[in-house]
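Visitor: One structure, as structure tokens, below. Some questions next.
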Amino acid sequence: MKYIIGIDEAGRGPLAGPLAVGGVIFKGDVKIEHEYFQKGIKDSKKLTALRREKLFTWLKENTDIQHAVAFAPSALIDQAGVTVAIHQALEGVLSKLIPEHCDLKDVTILLDGGLTAPERYTNQKTIIKGDEKERAIALASVAAKVVRDKRMIALSKKYPQYGFEQHKGYGTKAHFESIKEYGLCDEHRRRFLRRE
């Protein structure tokens, strides 16, 4: 196969902020070597923010690997659901990564967890805990998480009362308390916050 693509997502479960799908692409003969991988691959969510940031910096500087991240906003998640939102963001990432005029038969896509690419990508494989087994998926996971975290830090300047820079939109006690005090903002996923 000519190209390898790794895909993973970040931000499926938060109460606020976009969902991010990250991807990387490299030629099949490229060897992915980094000290991060010397003791096996770990779930990027279990790394410290500093280690993720260092790995992401290395990824950006590595000319053999391209990366992309696409967002699905809270409004889309509310309107269409998480599954549709993920698929739209995944399509966005693939359109950014795959070279123009590339034959899709020359692309192998490795996806984490329950993710799937559109059917036209015939060479695709979904791998449970793929971010712990495949370097391409691990790097996609880091890209998705770091870029989404940066987006949440930026949103915290627009909505300082919610503490997005701390919890990144997840349902912490402090976040629920701020929602109780200030109500919801445009970044909150109302679908996730409906009262039963």
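Residues are named by chain letter and number: chains run A, B, ... in the order of the structure tokens, numbers start at 1 in each chain, and ligands are numbered from 1 in the order shown.
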Excluding Ser141 (chain A) and any residue of its chain fewer than 4 positions from it, enumerate the residues within 12 Å of it, using only C-alpha atoms, and give them as an mmCIF file with N, CA and C atoms, in the first residue's frame.

Guide:
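Everything below was put into around24.cif:
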data_model
loop_
_atom_site.group_PDB
_atom_site.id
_atom_site.type_symbol
_atom_site.label_atom_id
_atom_site.label_comp_id
_atom_site.auth_asym_id
_atom_site.auth_seq_id
_atom_site.Cartn_x
_atom_site.Cartn_y
_atom_site.Cartn_z
ATOM 1 N N GLY A 6 -3.798 7.041 9.951
ATOM 2 C CA GLY A 6 -4.323 6.722 11.275
ATOM 3 C C GLY A 6 -5.382 7.745 11.649
ATOM 4 N N ILE A 7 -6.471 7.282 12.267
ATOM 5 C CA ILE A 7 -7.585 8.161 12.640
ATOM 6 C C ILE A 7 -8.001 7.883 14.079
ATOM 7 N N ASP A 8 -8.237 8.945 14.838
ATOM 8 C CA ASP A 8 -8.808 8.825 16.182
ATOM 9 C C ASP A 8 -9.579 10.102 16.493
ATOM 10 N N GLU A 9 -10.412 10.038 17.523
ATOM 11 C CA GLU A 9 -11.200 11.210 17.906
ATOM 12 C C GLU A 9 -10.928 11.589 19.354
ATOM 13 N N ALA A 10 -11.268 12.822 19.684
ATOM 14 C CA ALA A 10 -11.183 13.316 21.061
ATOM 15 C C ALA A 10 -12.393 14.190 21.321
ATOM 16 N N GLY A 11 -12.923 14.106 22.531
ATOM 17 C CA GLY A 11 -14.036 14.975 22.890
ATOM 18 C C GLY A 11 -15.403 14.425 22.561
ATOM 19 N N ALA A 20 -13.395 16.504 18.138
ATOM 20 C CA ALA A 20 -12.278 16.601 17.192
ATOM 21 C C ALA A 20 -11.933 15.219 16.648
ATOM 22 N N VAL A 21 -11.711 15.148 15.348
ATOM 23 C CA VAL A 21 -11.178 13.932 14.726
ATOM 24 C C VAL A 21 -9.809 14.275 14.171
ATOM 25 N N GLY A 22 -8.803 13.508 14.599
ATOM 26 C CA GLY A 22 -7.442 13.730 14.147
ATOM 27 C C GLY A 22 -6.994 12.630 13.207
ATOM 28 N N GLY A 23 -6.095 12.982 12.314
ATOM 29 C CA GLY A 23 -5.564 11.987 11.397
ATOM 30 C C GLY A 23 -4.120 12.290 11.037
ATOM 31 N N VAL A 24 -3.389 11.242 10.708
ATOM 32 C CA VAL A 24 -2.038 11.389 10.170
ATOM 33 C C VAL A 24 -1.927 10.525 8.919
ATOM 34 N N ILE A 41 3.198 1.452 22.980
ATOM 35 C CA ILE A 41 2.310 2.588 22.719
ATOM 36 C C ILE A 41 1.327 2.697 23.871
ATOM 37 N N LYS A 42 1.142 3.917 24.346
ATOM 38 C CA LYS A 42 0.194 4.154 25.431
ATOM 39 C C LYS A 42 -0.974 4.990 24.917
ATOM 40 N N ASP A 43 -2.094 4.864 25.585
ATOM 41 C CA ASP A 43 -3.249 5.710 25.314
ATOM 42 C C ASP A 43 -2.844 7.161 25.555
ATOM 43 N N SER A 44 -2.999 8.005 24.549
ATOM 44 C CA SER A 44 -2.543 9.394 24.673
ATOM 45 C C SER A 44 -3.260 10.133 25.801
ATOM 46 N N LYS A 45 -4.476 9.700 26.128
ATOM 47 C CA LYS A 45 -5.223 10.372 27.198
ATOM 48 C C LYS A 45 -4.581 10.130 28.559
ATOM 49 N N LYS A 46 -3.738 9.098 28.658
ATOM 50 C CA LYS A 46 -3.067 8.792 29.916
ATOM 51 C C LYS A 46 -1.716 9.507 30.042
ATOM 52 N N LEU A 47 -1.301 10.189 28.981
ATOM 53 C CA LEU A 47 -0.062 10.962 29.036
ATOM 54 C C LEU A 47 -0.326 12.311 29.699
ATOM 55 N N ARG A 52 2.175 15.058 25.757
ATOM 56 C CA ARG A 52 1.398 15.123 24.513
ATOM 57 C C ARG A 52 1.852 16.291 23.662
ATOM 58 N N GLU A 53 2.080 17.424 24.309
ATOM 59 C CA GLU A 53 2.498 18.626 23.592
ATOM 60 C C GLU A 53 3.856 18.416 22.915
ATOM 61 N N LEU A 55 5.160 15.543 21.968
ATOM 62 C CA LEU A 55 4.973 14.602 20.864
ATOM 63 C C LEU A 55 4.306 15.294 19.676
ATOM 64 N N PHE A 56 3.359 16.177 19.957
ATOM 65 C CA PHE A 56 2.683 16.910 18.889
ATOM 66 C C PHE A 56 3.657 17.851 18.178
ATOM 67 N N LEU A 59 5.607 15.794 15.889
ATOM 68 C CA LEU A 59 4.767 15.432 14.740
ATOM 69 C C LEU A 59 4.713 16.576 13.737
ATOM 70 N N HIS A 67 -0.403 15.781 9.224
ATOM 71 C CA HIS A 67 -1.524 15.577 10.148
ATOM 72 C C HIS A 67 -2.622 16.592 9.839
ATOM 73 N N ALA A 68 -3.819 16.290 10.296
ATOM 74 C CA ALA A 68 -4.950 17.206 10.156
ATOM 75 C C ALA A 68 -5.938 16.916 11.279
ATOM 76 N N VAL A 69 -6.677 17.938 11.656
ATOM 77 C CA VAL A 69 -7.741 17.797 12.648
ATOM 78 C C VAL A 69 -8.962 18.525 12.124
ATOM 79 N N LEU A 110 -6.341 3.070 9.207
ATOM 80 C CA LEU A 110 -6.432 2.398 10.502
ATOM 81 C C LEU A 110 -7.201 3.312 11.443
ATOM 82 N N LEU A 111 -8.301 2.803 12.011
ATOM 83 C CA LEU A 111 -9.181 3.629 12.835
ATOM 84 C C LEU A 111 -9.305 3.052 14.231
ATOM 85 N N ASP A 112 -9.412 3.951 15.208
ATOM 86 C CA ASP A 112 -9.521 3.521 16.597
ATOM 87 C C ASP A 112 -10.956 3.170 16.966
ATOM 88 N N GLY A 113 -11.079 2.194 17.860
ATOM 89 C CA GLY A 113 -12.354 1.896 18.526
ATOM 90 C C GLY A 113 -13.465 1.539 17.577
ATOM 91 N N LYS A 129 -8.948 -0.336 20.886
ATOM 92 C CA LYS A 129 -7.764 0.207 21.563
ATOM 93 C C LYS A 129 -6.610 0.407 20.572
ATOM 94 N N GLY A 130 -6.968 0.871 19.388
ATOM 95 C CA GLY A 130 -5.972 1.072 18.334
ATOM 96 C C GLY A 130 -4.904 2.074 18.693
ATOM 97 N N ASP A 131 -5.253 3.054 19.561
ATOM 98 C CA ASP A 131 -4.243 4.044 19.956
ATOM 99 C C ASP A 131 -3.179 3.442 20.859
ATOM 100 N N GLU A 132 -3.399 2.195 21.321
ATOM 101 C CA GLU A 132 -2.389 1.491 22.114
ATOM 102 C C GLU A 132 -1.672 0.415 21.293
ATOM 103 N N LYS A 133 -2.085 0.240 20.029
ATOM 104 C CA LYS A 133 -1.540 -0.846 19.214
ATOM 105 C C LYS A 133 -0.869 -0.376 17.924
ATOM 106 N N GLU A 134 -1.319 0.741 17.384
ATOM 107 C CA GLU A 134 -0.799 1.224 16.098
ATOM 108 C C GLU A 134 -0.248 2.637 16.249
ATOM 109 N N ARG A 135 0.969 2.837 15.789
ATOM 110 C CA ARG A 135 1.592 4.153 15.930
ATOM 111 C C ARG A 135 0.838 5.227 15.160
ATOM 112 N N ALA A 136 0.298 4.878 14.013
ATOM 113 C CA ALA A 136 -0.455 5.865 13.225
ATOM 114 C C ALA A 136 -1.664 6.359 14.005
ATOM 115 N N ILE A 137 -2.381 5.450 14.647
ATOM 116 C CA ILE A 137 -3.560 5.847 15.430
ATOM 117 C C ILE A 137 -3.136 6.618 16.671
ATOM 118 N N LYS A 145 -6.347 15.291 20.458
ATOM 119 C CA LYS A 145 -6.446 15.738 21.845
ATOM 120 C C LYS A 145 -5.776 17.103 22.049
ATOM 121 N N VAL A 146 -4.569 17.274 21.523
ATOM 122 C CA VAL A 146 -3.846 18.535 21.716
ATOM 123 C C VAL A 146 -4.583 19.689 21.041
ATOM 124 N N VAL A 147 -5.028 19.487 19.811
ATOM 125 C CA VAL A 147 -5.690 20.571 19.080
ATOM 126 C C VAL A 147 -7.038 20.901 19.727
ATOM 127 N N ARG A 148 -7.767 19.883 20.177
ATOM 128 C CA ARG A 148 -9.036 20.166 20.864
ATOM 129 C C ARG A 148 -8.796 20.910 22.174
#

Visitor: Find the residues around Pro14 (chain A) up to 6 Å (only C-alpha atoms counted), leave out those fewer than 2 positions away in its own chain, and share them as a list in words.

Guide: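 Neighbouring residues, sequence-local ones excluded: Gly11, Ala16, Gly169 and Tyr170 of chain A.
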
Visitor: Considering only C-alpha atoms, tabulate each residue of region 42-102 of chain A that lies at most 8 Å from region 177-189 of chain A along with its nearest interatomic pair and the corresponding distance in Å to one decimal; arrange the rows by chain and ascending residue number and present them as CSV.

Guide:
residue,atom,partner,partner_atom,distance
A:Pro73,CA,A:Glu187,CA,7.9
A:Ser74,CA,A:Arg189,CA,5.3
A:Ala75,CA,A:Arg189,CA,7.1
A:Ile77,CA,A:Arg189,CA,7.0
A:Asp78,CA,A:Arg189,CA,6.0

Visitor: Print the selection's residues with C-alpha atoms to a file, as a PDB file, in the first residue's frame.

Guide:
ATOM      1  CA  PRO A  73     -19.306  21.773  16.668  1.00  0.00           C
ATOM      2  CA  SER A  74     -21.695  21.402  19.581  1.00  0.00           C
ATOM      3  CA  ALA A  75     -24.588  22.633  17.435  1.00  0.00           C
ATOM      4  CA  ILE A  77     -23.899  17.233  17.868  1.00  0.00           C
ATOM      5  CA  ASP A  78     -27.167  18.611  19.257  1.00  0.00           C
TER       6      ASP A  78
END

Visitor: Using the chain letters and numbers from this document, which residues of chain A does DSSP assign to alpha helix (DSSP H), as a PyMOL selection string?

Guide: chain A and resi 49-61+74-80+82-97+135-158+164-167+173-182

Visitor: For CA of Lys158 (chain A) and CA of Leu15 (chain A), quote the distance in Å rounded to one decimal.

Guide: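 Spanning CA of Lys158 (chain A) to CA of Leu15 (chain A) is a straight-line distance of 16.7 Å.
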
Visitor: Check the smallest atom-to-atom distance from each of A:Lys2, A:His175, A:Arg51, A:Arg12 to Gly163 (chain A) using only C-alpha atoms, then report the winner.

Guide: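 Ranking A:Lys2, A:His175, A:Arg51, A:Arg12 by distance to Gly163 (chain A), first place goes to A:His175.
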
Visitor: At what distance in Å, to one decimal, does CA of Ala144 (chain A) lie from CA of Gly28 (chain A)?

Guide: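 Interatomic distance here is 21.9 Å.
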
Visitor: To one decimal place, how far is CA of Ala140 (chain A) from CA of Ile32 (chain A) in Å?

Guide: 12.8 Å

Visitor: List every residue of region 116-185 of chain A that has an atom at most 12 Å from any atom of region 84-98 of chain A, and for each one report the closest atom pair and its distance in Å to one decimal, counting only C-alpha atoms, with rows sorted by chain and then by increasing residue number, as JSON lines.

Guide:
{"residue": "A:Thr116", "atom": "CA", "partner": "A:His87", "partner_atom": "CA", "distance": 8.1}
{"residue": "A:Ala117", "atom": "CA", "partner": "A:Leu90", "partner_atom": "CA", "distance": 7.2}
{"residue": "A:Pro118", "atom": "CA", "partner": "A:Glu91", "partner_atom": "CA", "distance": 7.8}
{"residue": "A:Glu119", "atom": "CA", "partner": "A:Glu91", "partner_atom": "CA", "distance": 11.5}
{"residue": "A:Arg120", "atom": "CA", "partner": "A:Glu91", "partner_atom": "CA", "distance": 11.4}
{"residue": "A:Tyr121", "atom": "CA", "partner": "A:Leu94", "partner_atom": "CA", "distance": 10.1}
{"residue": "A:Ala140", "atom": "CA", "partner": "A:Val93", "partner_atom": "CA", "distance": 10.5}
{"residue": "A:Ala143", "atom": "CA", "partner": "A:Val93", "partner_atom": "CA", "distance": 11.5}
{"residue": "A:Ala144", "atom": "CA", "partner": "A:Val93", "partner_atom": "CA", "distance": 10.6}
